[in-house]
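Chemist: Dropping in entry18.txt, which is compact mmCIF, C-alpha atoms and all ligand atoms:
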```txt
# COMPACT_ATOMS: atom_id res chain seq x y z
CA MET J 1 0.00 0.00 0.00
CA GLU J 2 1.16 3.49 -0.76
CA THR J 3 2.46 5.97 1.77
CA ILE J 4 0.18 8.88 2.67
CA GLN J 5 1.95 12.21 3.09
CA SER J 6 0.77 14.28 6.04
CA ILE J 7 1.79 17.81 6.99
CA SER J 8 5.47 17.09 7.50
CA TYR J 9 5.68 13.34 7.82
CA PRO J 10 4.76 10.09 6.06
CA VAL J 11 2.11 7.59 7.16
CA ILE J 12 3.51 4.26 5.99
CA PHE J 13 1.37 1.13 5.68
CA ASN J 14 2.27 -2.55 5.93
CA ASP J 15 5.85 -2.37 4.73
CA ASN J 16 7.33 -4.87 7.21
CA PHE J 17 8.99 -1.92 8.91
CA THR J 18 11.35 -1.17 6.04
CA GLY J 19 10.43 2.50 6.43
CA LEU J 20 11.09 2.42 10.16
CA ASN J 21 14.52 0.84 9.68
CA GLN J 22 15.39 3.43 7.05
CA PHE J 23 14.10 6.22 9.27
CA LEU J 24 16.23 5.00 12.19
CA GLN J 25 19.31 4.66 10.01
CA GLU J 26 18.95 8.14 8.55
CA GLY J 27 17.82 9.79 11.80
CA ASN J 28 21.12 9.30 13.55
CA TYR J 29 19.47 9.48 16.97
CA THR J 30 21.68 9.37 20.05
CA LYS J 31 19.17 7.16 21.87
CA VAL J 32 16.00 5.32 20.89
CA PHE J 33 13.21 4.52 23.35
CA PHE J 34 10.10 2.38 22.90
CA LEU J 35 7.05 3.33 24.96
CA ILE J 36 4.91 0.26 25.52
CA ASP J 37 2.30 -1.08 27.93
CA GLU J 38 2.03 -4.63 29.26
CA GLN J 39 -0.30 -5.62 26.38
CA THR J 40 1.84 -4.22 23.60
CA GLU J 41 4.94 -5.64 25.26
CA LYS J 42 3.32 -9.07 25.03
CA HIS J 43 1.50 -8.86 21.71
CA CYS J 44 3.38 -6.32 19.60
CA LEU J 45 6.96 -5.84 20.72
CA PRO J 46 8.24 -9.32 19.72
CA PHE J 47 6.90 -8.90 16.16
CA LEU J 48 8.42 -5.43 15.96
CA ILE J 49 11.82 -6.47 17.30
CA GLU J 50 11.87 -9.35 14.83
CA HIS J 51 11.82 -6.79 12.01
CA LEU J 52 14.10 -4.22 13.59
CA LYS J 53 17.69 -3.71 12.43
CA ILE J 54 18.83 -1.76 15.49
CA THR J 55 19.63 -3.56 18.75
CA ASP J 56 20.49 -0.58 20.91
CA TYR J 57 17.31 0.80 22.50
CA ASP J 58 15.60 1.09 25.89
CA LEU J 59 12.06 0.20 26.88
CA ILE J 60 9.75 2.42 28.91
CA GLU J 61 6.66 0.61 30.11
CA VAL J 62 3.43 2.07 31.51
CA THR J 63 0.24 0.35 32.66
CA SER J 64 -2.47 0.17 29.98
CA GLY J 65 -5.84 1.88 30.32
CA GLU J 66 -7.46 5.29 29.89
CA GLU J 67 -7.36 5.79 33.68
CA ASN J 68 -3.56 5.90 33.37
CA LYS J 69 -3.44 8.59 30.67
CA THR J 70 -2.44 11.02 33.39
CA ILE J 71 0.28 13.39 34.53
CA ASP J 72 1.50 10.75 37.03
CA PHE J 73 2.31 8.30 34.25
CA CYS J 74 3.78 11.12 32.20
CA ILE J 75 6.11 11.97 35.08
CA GLY J 76 7.09 8.30 35.12
CA ILE J 77 8.00 8.53 31.40
CA TRP J 78 9.99 11.75 31.88
CA LYS J 79 11.87 10.22 34.86
CA MET J 80 12.77 7.13 32.83
CA LEU J 81 14.00 9.32 29.97
CA ILE J 82 16.20 11.22 32.42
CA ASP J 83 17.46 8.02 34.09
CA PHE J 84 18.32 6.53 30.70
CA GLY J 85 20.21 9.71 29.76
CA ALA J 86 17.91 10.94 26.98
CA ASP J 87 19.17 14.07 25.28
CA ARG J 88 17.49 16.38 22.78
CA ASN J 89 18.54 14.16 19.92
CA SER J 90 16.72 11.14 21.33
CA LEU J 91 13.70 9.49 19.73
CA LEU J 92 10.58 8.11 21.43
CA ILE J 93 8.71 5.39 19.54
CA ASN J 94 5.17 4.96 20.84
CA VAL J 95 3.89 1.41 20.38
CA GLY J 96 0.27 1.00 21.36
CA GLY J 97 -3.28 2.26 21.25
CA GLY J 98 -4.44 5.86 21.48
CA VAL J 99 -3.53 6.08 25.16
CA ILE J 100 0.12 5.36 24.36
CA THR J 101 0.25 7.50 21.20
CA ASP J 102 -1.48 10.46 22.93
CA MET J 103 0.51 10.28 26.17
CA GLY J 104 3.81 9.34 24.52
CA GLY J 105 3.37 12.17 22.03
CA PHE J 106 2.69 14.57 24.88
CA ALA J 107 5.65 13.35 26.96
CA ALA J 108 7.96 13.70 23.94
CA SER J 109 6.61 17.08 22.88
CA THR J 110 7.39 18.56 26.29
CA PHE J 111 10.59 16.70 27.32
CA LYS J 112 13.53 19.13 27.11
CA ARG J 113 11.08 21.36 25.13
CA GLY J 114 10.48 18.62 22.61
CA ILE J 115 12.18 15.53 21.25
CA ASP J 116 11.24 13.61 18.12
CA PHE J 117 8.64 10.87 18.32
CA VAL J 118 7.07 8.41 15.93
CA GLN J 119 3.81 6.51 16.24
CA ILE J 120 3.35 2.77 15.78
CA PRO J 121 -0.39 2.40 16.39
CA THR J 122 -1.48 -1.12 17.32
CA THR J 123 -5.24 -0.77 17.84
CA LEU J 124 -7.84 -0.14 15.14
CA LEU J 125 -8.71 3.17 16.76
CA SER J 126 -5.14 4.40 16.89
CA GLN J 127 -4.48 3.28 13.31
CA VAL J 128 -7.52 5.04 11.82
CA ASP J 129 -7.48 8.11 14.03
CA ALA J 130 -5.27 8.73 17.09
CA SER J 131 -1.82 8.30 15.54
CA VAL J 132 -2.41 10.81 12.75
CA GLY J 133 -2.85 14.55 13.10
CA GLY J 134 -0.63 15.59 15.97
CA LYS J 135 -3.09 15.92 18.85
CA THR J 136 -1.18 14.75 21.91
CA GLY J 137 -2.45 14.83 25.46
CA ILE J 138 -3.46 13.47 28.81
CA ASP J 139 -6.61 13.56 30.94
CA MET J 140 -6.93 15.44 34.23
CA ASP J 141 -9.74 15.08 36.77
CA HIS J 142 -11.23 12.68 34.23
CA LEU J 143 -11.56 15.51 31.70
CA LYS J 144 -10.50 14.11 28.35
CA ASN J 145 -7.29 15.43 26.78
CA ILE J 146 -7.61 18.60 28.82
CA ILE J 147 -3.82 19.06 28.81
CA GLY J 148 -1.98 18.62 25.53
CA THR J 149 -0.20 20.00 22.51
CA PHE J 150 -0.45 20.00 18.76
CA THR J 151 2.84 18.35 17.83
CA GLN J 152 3.26 16.30 14.71
CA PRO J 153 5.13 12.99 14.86
CA LYS J 154 8.14 12.46 12.59
CA ALA J 155 6.44 9.42 11.02
CA VAL J 156 3.58 6.96 11.50
CA PHE J 157 4.04 3.25 10.76
CA ILE J 158 0.80 1.28 10.46
CA ASP J 159 0.99 -2.51 10.41
CA THR J 160 -2.43 -4.13 10.32
CA ASN J 161 -0.95 -7.46 11.49
CA PHE J 162 -1.09 -6.03 15.01
CA LEU J 163 -4.88 -6.17 14.90
CA LYS J 164 -4.83 -9.98 14.99
CA THR J 165 -4.43 -9.98 18.77
CA LEU J 166 -6.76 -7.07 19.49
CA PRO J 167 -9.88 -8.05 21.48
CA GLU J 168 -13.17 -7.78 19.58
CA ARG J 169 -14.52 -5.08 21.88
CA GLN J 170 -11.53 -2.88 21.00
CA LEU J 171 -12.06 -3.48 17.27
CA VAL J 172 -15.70 -2.43 17.54
CA SER J 173 -14.65 0.66 19.52
CA GLY J 174 -12.18 1.73 16.81
CA PHE J 175 -14.82 1.13 14.14
CA ALA J 176 -16.86 4.03 15.62
CA GLU J 177 -14.24 6.54 14.49
CA MET J 178 -14.37 5.02 11.00
CA LEU J 179 -18.16 5.42 10.92
CA LYS J 180 -17.57 9.01 12.06
CA HIS J 181 -15.26 9.57 9.08
CA GLY J 182 -18.05 8.43 6.76
CA LEU J 183 -20.69 10.52 8.51
CA ILE J 184 -18.68 13.75 8.41
CA ALA J 185 -16.96 13.49 5.04
CA ASP J 186 -17.84 10.54 2.81
CA ARG J 187 -21.40 9.32 2.38
CA ASP J 188 -20.48 6.29 0.24
CA TYR J 189 -17.90 5.24 2.83
CA PHE J 190 -20.55 5.29 5.58
CA TYR J 191 -22.82 3.03 3.50
CA LEU J 192 -19.89 0.72 2.77
CA LEU J 193 -18.97 0.49 6.46
CA LYS J 194 -22.61 -0.23 7.38
CA GLU J 195 -22.19 -3.59 5.67
CA ALA J 196 -18.66 -4.23 6.97
CA SER J 197 -17.72 -6.18 10.02
CA PRO J 198 -15.35 -4.58 12.58
CA GLU J 199 -13.75 -7.94 13.37
CA LYS J 200 -12.63 -8.38 9.75
CA ILE J 201 -11.59 -4.96 8.58
CA ASP J 202 -10.04 -4.72 5.14
CA PRO J 203 -6.73 -2.77 5.43
CA GLU J 204 -7.92 -0.62 2.51
CA LEU J 205 -10.68 0.74 4.77
CA ILE J 206 -8.09 1.65 7.42
CA ARG J 207 -6.14 3.45 4.76
CA HIS J 208 -9.27 5.28 3.57
CA SER J 209 -10.04 6.50 7.08
CA VAL J 210 -6.49 7.81 7.44
CA GLU J 211 -6.90 9.58 4.10
CA ILE J 212 -10.12 11.25 5.24
CA LYS J 213 -8.61 12.36 8.54
CA ASN J 214 -5.38 13.48 6.95
CA ASN J 215 -7.19 15.58 4.30
CA ILE J 216 -8.96 17.48 7.06
CA VAL J 217 -5.85 17.90 9.22
CA LEU J 218 -3.82 19.17 6.26
CA GLN J 219 -6.30 22.03 5.81
CA ASP J 220 -6.47 22.97 9.50
CA PRO J 221 -3.72 21.37 11.61
CA GLU J 222 -4.47 23.28 14.81
CA GLU J 223 -8.27 23.16 14.78
CA LYS J 224 -9.00 26.79 14.09
CA GLY J 225 -12.10 25.79 12.11
CA LEU J 226 -12.64 22.86 9.75
CA ARG J 227 -10.80 20.30 11.91
CA LYS J 228 -13.62 20.60 14.46
CA ILE J 229 -15.66 18.29 12.21
CA LEU J 230 -13.44 15.42 13.44
CA ASN J 231 -15.05 16.13 16.79
CA PHE J 232 -18.56 15.11 15.66
CA GLY J 233 -20.02 12.99 18.47
CA HIS J 234 -17.30 14.06 20.90
CA THR J 235 -18.91 16.93 22.85
CA ILE J 236 -21.43 14.49 24.28
CA GLY J 237 -19.22 11.41 23.76
CA HIS J 238 -16.35 12.79 25.85
CA ALA J 239 -18.79 13.75 28.62
CA VAL J 240 -20.24 10.24 28.71
CA GLU J 241 -16.73 8.74 28.61
CA SER J 242 -15.48 11.02 31.44
CA PHE J 243 -18.54 10.25 33.54
CA SER J 244 -18.11 6.51 33.09
CA LEU J 245 -14.40 6.81 33.98
CA GLN J 246 -15.35 8.61 37.20
CA SER J 247 -17.74 5.84 38.14
CA GLY J 248 -14.76 3.47 37.93
CA LYS J 249 -16.35 0.14 37.16
CA ASN J 250 -16.16 -1.14 33.59
CA PRO J 251 -15.85 2.29 31.96
CA LEU J 252 -16.90 2.86 28.37
CA LEU J 253 -14.19 2.71 25.71
CA HIS J 254 -13.57 5.90 23.72
CA GLY J 255 -15.23 4.64 20.53
CA GLU J 256 -18.23 3.30 22.45
CA ALA J 257 -18.72 6.71 24.05
CA VAL J 258 -18.32 8.46 20.69
CA ALA J 259 -21.00 6.14 19.27
CA ILE J 260 -23.41 7.36 21.98
CA GLY J 261 -22.36 10.94 21.28
CA MET J 262 -22.99 10.48 17.56
CA VAL J 263 -26.58 9.32 18.19
CA CYS J 264 -27.24 12.38 20.39
CA GLU J 265 -25.49 14.81 18.07
CA ALA J 266 -27.27 13.36 15.02
CA PHE J 267 -30.53 14.09 16.86
CA LEU J 268 -29.32 17.67 17.44
CA SER J 269 -28.37 17.84 13.76
CA VAL J 270 -32.03 17.38 12.78
CA GLN J 271 -33.07 20.19 15.11
CA LYS J 272 -30.28 22.62 14.27
CA THR J 273 -28.51 21.93 10.97
CA GLY J 274 -31.17 20.27 8.80
CA LEU J 275 -30.13 16.59 8.86
CA PRO J 276 -33.10 14.80 7.24
CA GLN J 277 -35.19 12.73 9.69
CA ASP J 278 -34.79 9.54 7.63
CA GLU J 279 -30.99 9.92 7.78
CA LEU J 280 -31.19 10.24 11.58
CA THR J 281 -33.14 6.98 11.65
CA GLU J 282 -30.50 5.33 9.47
CA ILE J 283 -27.65 6.57 11.69
CA VAL J 284 -29.36 5.51 14.93
CA GLN J 285 -30.25 2.07 13.59
CA THR J 286 -26.69 1.50 12.38
CA LEU J 287 -25.10 2.62 15.65
CA ARG J 288 -27.59 0.57 17.70
CA ARG J 289 -26.72 -2.52 15.67
CA PHE J 290 -23.00 -2.18 16.41
CA TYR J 291 -23.11 -0.68 19.92
CA GLY J 292 -26.46 -1.57 21.52
CA LYS J 293 -27.91 0.79 24.08
CA TYR J 294 -25.85 1.90 27.08
CA PRO J 295 -27.86 2.49 30.25
CA ILE J 296 -27.40 6.20 30.92
CA LYS J 297 -29.42 7.24 33.96
CA GLU J 298 -31.72 10.23 33.44
CA ALA J 299 -30.52 11.51 36.80
CA SER J 300 -26.96 11.75 35.41
CA ILE J 301 -27.87 14.24 32.67
CA PRO J 302 -27.09 17.40 34.70
CA ALA J 303 -23.65 15.97 35.59
CA LEU J 304 -23.01 15.15 31.92
CA ILE J 305 -23.90 18.69 30.88
CA GLU J 306 -21.57 20.02 33.59
CA ILE J 307 -18.70 18.04 32.02
CA MET J 308 -19.59 19.38 28.54
CA LYS J 309 -18.94 22.87 29.89
CA SER J 310 -15.20 22.01 29.79
CA ASP J 311 -15.23 20.99 26.12
CA LYS J 312 -12.26 22.51 24.31
CA LYS J 313 -14.42 23.77 21.41
CA ASN J 314 -16.59 25.96 23.66
CA ALA J 315 -16.54 29.72 23.33
CA SER J 316 -17.80 32.27 25.85
CA ALA J 317 -19.20 29.49 28.05
CA ARG J 318 -21.43 28.18 25.24
CA ILE J 319 -21.34 24.44 24.54
CA ASN J 320 -20.19 23.77 21.00
CA CYS J 321 -21.07 20.80 18.81
CA SER J 322 -20.05 19.85 15.29
CA LEU J 323 -23.27 18.73 13.58
CA LEU J 324 -24.28 17.03 10.34
CA THR J 325 -26.23 18.65 7.52
CA GLN J 326 -26.57 15.27 5.81
CA ILE J 327 -24.80 11.92 5.92
CA GLY J 328 -21.31 12.76 4.63
CA GLN J 329 -21.31 16.46 5.51
CA CYS J 330 -20.61 18.22 8.78
CA THR J 331 -20.68 21.83 9.97
CA ILE J 332 -18.86 23.41 12.88
CA ASP J 333 -19.75 25.78 15.72
CA SER J 334 -23.35 24.90 16.50
CA PHE J 335 -23.82 26.16 20.02
CA CYS J 336 -26.37 24.15 21.98
CA THR J 337 -28.40 25.09 25.02
CA GLU J 338 -28.59 22.88 28.08
CA ASP J 339 -32.22 22.07 27.19
CA GLU J 340 -31.21 20.95 23.68
CA LEU J 341 -28.39 18.78 25.04
CA CYS J 342 -30.73 17.29 27.64
CA ALA J 343 -33.32 16.52 24.91
CA SER J 344 -30.67 14.74 22.84
CA LEU J 345 -29.69 12.50 25.77
CA LEU J 346 -33.37 11.75 26.43
CA PHE J 347 -33.72 10.85 22.75
CA TYR J 348 -30.82 8.38 23.19
CA LEU J 349 -32.52 6.87 26.25
CA ASN J 350 -35.98 6.62 24.78
CA TYR J 351 -35.36 5.67 21.16
N1 LIG J 401 -5.03 12.09 19.24
C1 LIG J 401 -6.13 11.79 18.57
O1 LIG J 401 -6.37 12.35 17.48
C2 LIG J 401 -7.07 10.76 19.09
C3 LIG J 401 -8.08 10.28 18.25
C4 LIG J 401 -8.95 9.32 18.75
C5 LIG J 401 -8.79 8.84 20.05
N2 LIG J 401 -7.78 9.30 20.82
C6 LIG J 401 -7.56 8.75 22.17
O2 LIG J 401 -7.21 7.38 22.03
C7 LIG J 401 -7.52 6.70 23.22
C8 LIG J 401 -8.20 5.38 22.91
O3 LIG J 401 -7.31 4.59 22.16
P1 LIG J 401 -7.54 3.03 21.96
O4 LIG J 401 -8.94 2.79 21.61
O5 LIG J 401 -6.49 2.59 21.06
O6 LIG J 401 -7.40 2.46 23.42
P2 LIG J 401 -6.11 2.03 24.27
O7 LIG J 401 -4.94 2.81 23.90
O8 LIG J 401 -6.56 2.06 25.71
O9 LIG J 401 -5.87 0.51 23.82
C9 LIG J 401 -6.87 -0.44 24.09
C10 LIG J 401 -6.30 -1.69 24.75
O10 LIG J 401 -5.71 -2.53 23.76
C11 LIG J 401 -4.40 -2.94 24.17
N3 LIG J 401 -3.67 -3.20 22.95
C12 LIG J 401 -3.07 -2.31 22.12
N4 LIG J 401 -2.64 -2.92 21.02
C13 LIG J 401 -2.94 -4.22 21.13
C14 LIG J 401 -2.79 -5.34 20.29
N5 LIG J 401 -2.26 -5.22 19.07
N6 LIG J 401 -3.21 -6.55 20.73
C15 LIG J 401 -3.80 -6.66 21.95
N7 LIG J 401 -4.02 -5.63 22.78
C16 LIG J 401 -3.60 -4.42 22.36
C17 LIG J 401 -3.93 -1.79 25.02
O11 LIG J 401 -2.89 -2.19 25.87
C18 LIG J 401 -5.21 -1.44 25.78
O12 LIG J 401 -5.38 -2.33 26.85
C19 LIG J 401 -8.39 7.63 24.04
O13 LIG J 401 -7.62 8.16 25.07
C20 LIG J 401 -8.77 8.71 23.05
O14 LIG J 401 -9.01 9.93 23.69
C21 LIG J 401 -6.93 10.26 20.36
O1 LIG J 402 -8.07 14.63 15.51
C1 LIG J 402 -9.04 15.30 15.86
O2 LIG J 402 -9.09 16.51 15.68
C2 LIG J 402 -10.17 14.67 16.55
O3 LIG J 402 -11.04 15.37 17.05
C3 LIG J 402 -10.21 13.19 16.59
C4 LIG J 402 -11.01 12.63 17.76
O4 LIG J 402 -11.47 11.34 17.35
C5 LIG J 402 -10.16 12.40 19.00
O5 LIG J 402 -10.91 11.72 19.98
C6 LIG J 402 -9.52 13.64 19.59
O6 LIG J 402 -8.56 13.29 20.57
C7 LIG J 402 -10.49 14.53 20.28
O7 LIG J 402 -9.89 15.76 20.43
P1 LIG J 402 -10.23 16.78 21.58
O8 LIG J 402 -9.54 18.02 21.12
O9 LIG J 402 -11.72 16.93 21.67
O10 LIG J 402 -9.68 16.23 22.83
ZN ZN J 403 -12.25 10.29 19.07
```
The structure in this file should be written as structure tokens.
Modeler:
Amino acid sequence: METIQSISYPVIFNDNFTGLNQFLQEGNYTKVFFLIDEQTEKHCLPFLIEHLKITDYDLIEVTSGEENKTIDFCIGIWKMLIDFGADRNSLLINVGGGVITDMGGFAASTFKRGIDFVQIPTTLLSQVDASVGGKTGIDMDHLKNIIGTFTQPKAVFIDTNFLKTLPERQLVSGFAEMLKHGLIADRDYFYLLKEASPEKIDPELIRHSVEIKNNIVLQDPEEKGLRKILNFGHTIGHAVESFSLQSGKNPLLHGEAVAIGMVCEAFLSVQKTGLPQDELTEIVQTLRRFYGKYPIKEASIPALIEIMKSDKKNASARINCSLLTQIGQCTIDSFCTEDELCASLLFYLNY
């Protein structure tokens, strides 16, 4: 498969890590570090090392899970980099899902005012979305990505072989961001994905999602306008995800929460940006088929709206959503009242 060129770096697909070896050879880095978690150490690192030409590197391991995408784990990464003698010409290679690529990207972008990093995404979600585009970050007080930077990686290496060991629930979660890509930018792609199965994703579809995301990021790398469409489903989705993280037990995965957010925000799209009613029905039926119905308690709605007040797209204390005008087209900066947001959550509960 061909390489996709992003702002300043290549996204390389299924090349048996030829590109990575070349990158490492040409990069002349003083030290190379791999950031992994216990899952990617077990499932991904052996395969990667098998293909690697360098033998001189250090491993930095963190515990997997969204609850660990925090400043404490970041401090752990920075301390390890210091202990291992990382200088400004060191490279951090993030091997994992979106938690690793977001947190590793953030740790690298701030260490000694910034060292180079590359992304090796190993979940469906991180391959189609998190590894591309340069949003790095961590959560604080369960608020999603509330601390972070826009820093582009030096390269992204996608190997779809990694998905063979990924649990089904994680595949379905990542699939939500692919459906989002169809809903915001490519109608035909949405209809194609409707008939696809997340457990058996064709690598060409992964590539197409990266293309969609990359085209948007290229036009607006730092989310001044257009890039906000990639946030469809996230104003409400992030609130639901944060709330479920706070509750502690069996929290929602990011894609699962975004799927809930997309149902609610599609409802708002009918009210506010002219999404046809029959398209709402189509979206809700599709998302219900893949994600079922999560039991949000009506009593939690005020707390969810409180969390939405911290959304990064908000302006002058108004809650901002990116909404659809039709399947395949999205607009930005639709400010929603608390009553509208409440109605959309009630729609989710009662549909
Ligand atoms: N920066 C962005 O643009 C962006 C975009 C979308 C999502 N995100 C962020 O990404 C995160 C979610 O990422 P995720 O869905 O990848 O979850 P994740 O990073 O938590 O990974 C899911 C689980 O799969 C394990 N895992 C990873 N690769 C594996 C493999 N090949 N085989 C078996 N297990 C494997 C991980 O250890 C983890 O337990 C969220 O924090 C979200 O906010 C960021
Ligand atoms: O890349 C983007 O831009 C996105 O919005 C992609 C989202 O899927 C992703 O979850 C992102 O991390 C959300 O960004 P945030 O700025 O709302 O934290
Ligand atoms: Zn997302």
Chemist: Pick out the closest residue to ligand ZN 403 (chain J) from this set: J:Val11, J:Ala257, J:Ile54, J:Val62. Count only C-alpha atoms and all ligand atoms.
Modeler: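 Checking each candidate against ligand ZN 403 (chain J), we get J:Ala257 as the closest.
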Chemist: So, counting all atoms listed in the file, which residue among J:Glu66, J:Glu177, J:Glu199, J:Glu256 is closest to ligand ZN 403 (chain J)?
Modeler: J:Glu177
Chemist: Can you list, as a list in words, every protein, DNA or RNA residue that comes within 7 Å of Ile158 in chain J when you count all atoms listed in the file, leaving out same-chain residues fewer than 6 positions away?
Modeler: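 That gives Ile12, Phe13, Asn14, Ile120, Pro121 and Gln127 of chain J.
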Chemist: Counting only C-alpha atoms, figure out which residue out of J:Asn214, J:Asn89, J:Ser334, J:Gln39 gets nearest to Lys112 in chain J.
Modeler: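 Of all the options, J:Asn89 lies closest to Lys112 in chain J.
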Chemist: Counting all atoms listed in the file, what are the residues, protein, DNA or RNA alike, that approach ligand LIG 402 (chain J) to within 6 Å? I want them as a PyMOL selection string.
Modeler: chain J and resi 133+144-145+227+230-231
Chemist: Around ligand ZN 403 (chain J), out to 10 Å and counting all atoms listed in the file, which residues are there? I want them as a list in words.
Modeler: Gly98, Leu125, Ser126, Asp129, Ala130, Ser173, Gly174, Ala176, Glu177, Met178, Lys180, Leu230, Asn231, Phe232, Gly233, His234, Gly237, His238, His254, Gly255, Glu256, Ala257, Val258 and Ala259 of chain J
Chemist: Taking only C-alpha atoms and all ligand atoms into account, which of J:Leu171, J:Ala108, J:Leu183, J:Leu324 comes nearest ligand LIG 401 (chain J)?
Modeler: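 Closest residue, counting only C-alpha atoms and all ligand atoms: J:Leu171.
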Chemist: Report as a ChimeraX atom specification all protein, DNA and RNA residues lying within 6 Å of Phe34 in chain J, evaluated on all atoms listed in the file, omitting residues in the same chain fewer than 6 positions from it.
Modeler: /J:59,92-94
Chemist: Take CA of Leu280 in chain J and CA of Pro203 in chain J and report the distance between them in Å, one decimal.
Modeler: 28.4 Å
Chemist: Select, counting only C-alpha atoms, all protein, DNA and RNA residues no farther than 10 Å from (-10.2, -1.7, 9.6) in file coordinates, and express the selection as a list in words.
Modeler: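 Using only C-alpha atoms, the matching residues come out as Thr123, Leu124, Leu125, Gln127, Val128, Thr160, Leu163, Leu171, Val172, Gly174, Phe175, Met178, Leu193, Ala196, Ser197, Pro198, Glu199, Lys200, Ile201, Asp202, Pro203, Glu204, Leu205, Ile206, Arg207, His208 and Ser209 of chain J.
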Chemist: Kindly indicate which residue among J:Ile7, J:Glu338, J:Tyr191, J:Lys53 lies nearest to Gln25 in chain J, using all atoms listed in the file for the distances.
Modeler: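 Using all atoms listed in the file, the shortest distance to Gln25 in chain J belongs to J:Lys53.
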Chemist: Could you pull the residues within 9 Å of Lys293 in chain J, counting only C-alpha atoms, minus those fewer than 2 positions along the same chain, as a list in words?
Modeler: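 Once the nearby chain positions are removed, what remains is Ile260, Arg288, Tyr291, Pro295, Ile296, Tyr348 and Leu349 of chain J.
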Chemist: Using all atoms listed in the file, determine which residues lie at most 8 Å from Phe162 in chain J, disregarding the query and same-chain residues fewer than 3 positions distant; provide the list as a list in words.
Modeler: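 Contacts, in chain order: His43, Cys44, Thr122, Thr123, Asp159, Thr165 and Leu166 of chain J.
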Chemist: Would you save the residues from that selection as a PDB file, keeping the file's coordinate frame, using C-alpha atoms?
Modeler:
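Written out: out36.pdb:
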```pdb
ATOM      1  CA  HIS J  43       1.500  -8.860  21.710  1.00  0.00           C
ATOM      2  CA  CYS J  44       3.380  -6.320  19.600  1.00  0.00           C
ATOM      3  CA  THR J 122      -1.480  -1.120  17.320  1.00  0.00           C
ATOM      4  CA  THR J 123      -5.240  -0.770  17.840  1.00  0.00           C
ATOM      5  CA  ASP J 159       0.990  -2.510  10.410  1.00  0.00           C
ATOM      6  CA  THR J 165      -4.430  -9.980  18.770  1.00  0.00           C
ATOM      7  CA  LEU J 166      -6.760  -7.070  19.490  1.00  0.00           C
TER       8      LEU J 166
END
```
Chemist: Please provide as a PyMOL selection string all residues within 12 Å of Ile82 in chain J, with the sequence filter that same-chain residues fewer than 6 positions apart are discarded (counting only C-alpha atoms).
Modeler: chain J and resi 31+33+60+75-76+88+90+111-112
Chemist: Find, counting only C-alpha atoms, the residue in J:Phe73, J:Phe84, J:Tyr9, J:Phe290 that gets nearest to Pro153 in chain J.
Modeler: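 Of the candidates, the smallest distance to Pro153 in chain J is held by J:Tyr9.
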Chemist: State, in Å with one decimal place, the distance from atom O9 of ligand LIG 401 (chain J) to CA of Gly134 in chain J.
Modeler: 17.8 Å
Chemist: Calculate how many Å separate CA of Glu41 in chain J from atom O4 of ligand LIG 401 (chain J), rounding to one decimal.
Modeler: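 Those two atoms sit 16.6 Å apart.
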Chemist: Could you please fill out range 115-125 of chain J with N, CA and C atoms and send it back as an mmCIF file, in the coordinates of the input?
Modeler:
```cif
data_model
loop_
_atom_site.group_PDB
_atom_site.id
_atom_site.type_symbol
_atom_site.label_atom_id
_atom_site.label_comp_id
_atom_site.auth_asym_id
_atom_site.auth_seq_id
_atom_site.Cartn_x
_atom_site.Cartn_y
_atom_site.Cartn_z
ATOM 1 N N ILE J 115 11.303 16.451 22.003
ATOM 2 C CA ILE J 115 12.180 15.530 21.250
ATOM 3 C C ILE J 115 11.318 14.866 20.178
ATOM 4 N N ASP J 116 11.971 14.275 19.212
ATOM 5 C CA ASP J 116 11.240 13.610 18.120
ATOM 6 C C ASP J 116 10.503 12.381 18.642
ATOM 7 N N PHE J 117 9.344 12.122 18.038
ATOM 8 C CA PHE J 117 8.640 10.870 18.320
ATOM 9 C C PHE J 117 7.997 10.336 17.053
ATOM 10 N N VAL J 118 7.832 9.027 17.018
ATOM 11 C CA VAL J 118 7.070 8.410 15.930
ATOM 12 C C VAL J 118 5.999 7.520 16.533
ATOM 13 N N GLN J 119 4.951 7.290 15.754
ATOM 14 C CA GLN J 119 3.810 6.510 16.240
ATOM 15 C C GLN J 119 3.761 5.149 15.519
ATOM 16 N N ILE J 120 3.651 4.097 16.338
ATOM 17 C CA ILE J 120 3.350 2.770 15.780
ATOM 18 C C ILE J 120 2.042 2.323 16.427
ATOM 19 N N PRO J 121 0.916 2.688 15.785
ATOM 20 C CA PRO J 121 -0.390 2.400 16.390
ATOM 21 C C PRO J 121 -0.742 0.921 16.258
ATOM 22 N N THR J 122 -1.240 0.331 17.337
ATOM 23 C CA THR J 122 -1.480 -1.120 17.320
ATOM 24 C C THR J 122 -2.940 -1.487 17.590
ATOM 25 N N THR J 123 -3.807 -0.490 17.756
ATOM 26 C CA THR J 123 -5.240 -0.770 17.840
ATOM 27 C C THR J 123 -5.900 -0.209 16.577
ATOM 28 N N LEU J 124 -7.132 -0.678 16.310
ATOM 29 C CA LEU J 124 -7.840 -0.140 15.140
ATOM 30 C C LEU J 124 -8.030 1.367 15.322
ATOM 31 N N LEU J 125 -8.431 1.756 16.534
ATOM 32 C CA LEU J 125 -8.710 3.170 16.760
ATOM 33 C C LEU J 125 -7.469 4.037 16.554
#
```
